[in-house]
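**Q** Quick one: the structure is below, and I'll ask about it shortly.
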Amino acid sequence: MYNILKMKKEHLIILGVVLIFAVAVILIFSSGKKNDLDFCRYVFKGLIQGDQAMQKYIDWENFKGLDIDVGKTYLEYPELERAKYRKTFINSFAFGFKEVGGRYAGFSSWRIHKQTASGVVVAADYLGKTLLFAISIPADGKRKISAIQWEGLGG
């Protein structure tokens with residue numbers, strides 16, 4: 001009888017460990033998706049407000065914005081000029097967004113569009129179109145936006 005109770009206790013412990021592991025995996029993967037969505041919302045809102053702190057969240061060397069290879073232009077500047085380029089880009093992005101009457105509140109249905117080994121693509125709908133945000137993980141290991149494209153335009 002003691003062996004059966006002992007065996008049941010061991011099975012319960014194993015079952016408990018498996019359940020804890022399963023819950024942890026679910027929480028990690030679901031919070032990762034939420035974090036990717038929140039990250040995109042945060043950076044996009046900062047960009048349209050002209051917040052210069054968003055510079056650190058852009059993968060400047062590879063960035064593509066609205067069908068323009070920003071990274072290629074960025075790399076053509078000498079190192080000392082790149083800070084000015086980043087600042088000007090963010091100011092222009094915010095100005096352009098306001099000029100066309102863009103409203104952050106108009107973006108809806110934020111979701112994970114695609115997930116690959118190299119990153120995640122987040123989508124948001126706006127006036128019948130879908131804007132895609134590519135998130136990459138460069139060598140420094142920190143999430144960065146590598147592209148913002150309307151779906152169907154190189155997104």
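Every chain in the structure tokens has a letter given in the order shown (A, B, ...), and although residue numbers restart at 1 in each chain, ligands are simply numbered from 1 in the order shown.
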Contacts of Cys40 in chain A at 12 Å or less, counting only C-alpha atoms, minus same-chain residues fewer than 6 places along, as a ChimeraX atom specification?
**A** /A:33-34,46-47,54,57-58,107,110-112,120-124,131-136,143-148
**Q** Just checking: using only C-alpha atoms, which residue out of A:Lys45, A:Gly119, A:His113, A:Phe97 ends up closest to Leu66 in chain A?
**A**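 Closest residue, counting only C-alpha atoms: A:Phe97.
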**Q** Considering only strand (DSSP E or B) as DSSP defines it on the backbone, what residues of range 114-155 of chain A qualify? List them as a list of chain:residue names.
**A** A:Lys114, A:Gln115, A:Thr116, A:Gly119, A:Val120, A:Val121, A:Val122, A:Ala123, A:Ala124, A:Asp125, A:Tyr126, A:Lys129, A:Thr130, A:Leu131, A:Leu132, A:Phe133, A:Ala134, A:Ile135, A:Ser136, A:Lys144, A:Ile145, A:Ser146, A:Ala147, A:Ile148, A:Gln149, A:Trp150
**Q** Any idea what's packed within 12 Å of Asp69 in chain A, counting only C-alpha atoms, ignoring anything in its chain fewer than 3 positions away? Could you give it as a PyMOL selection string?
**A** chain A and resi 59-66+72-76+146-149+154
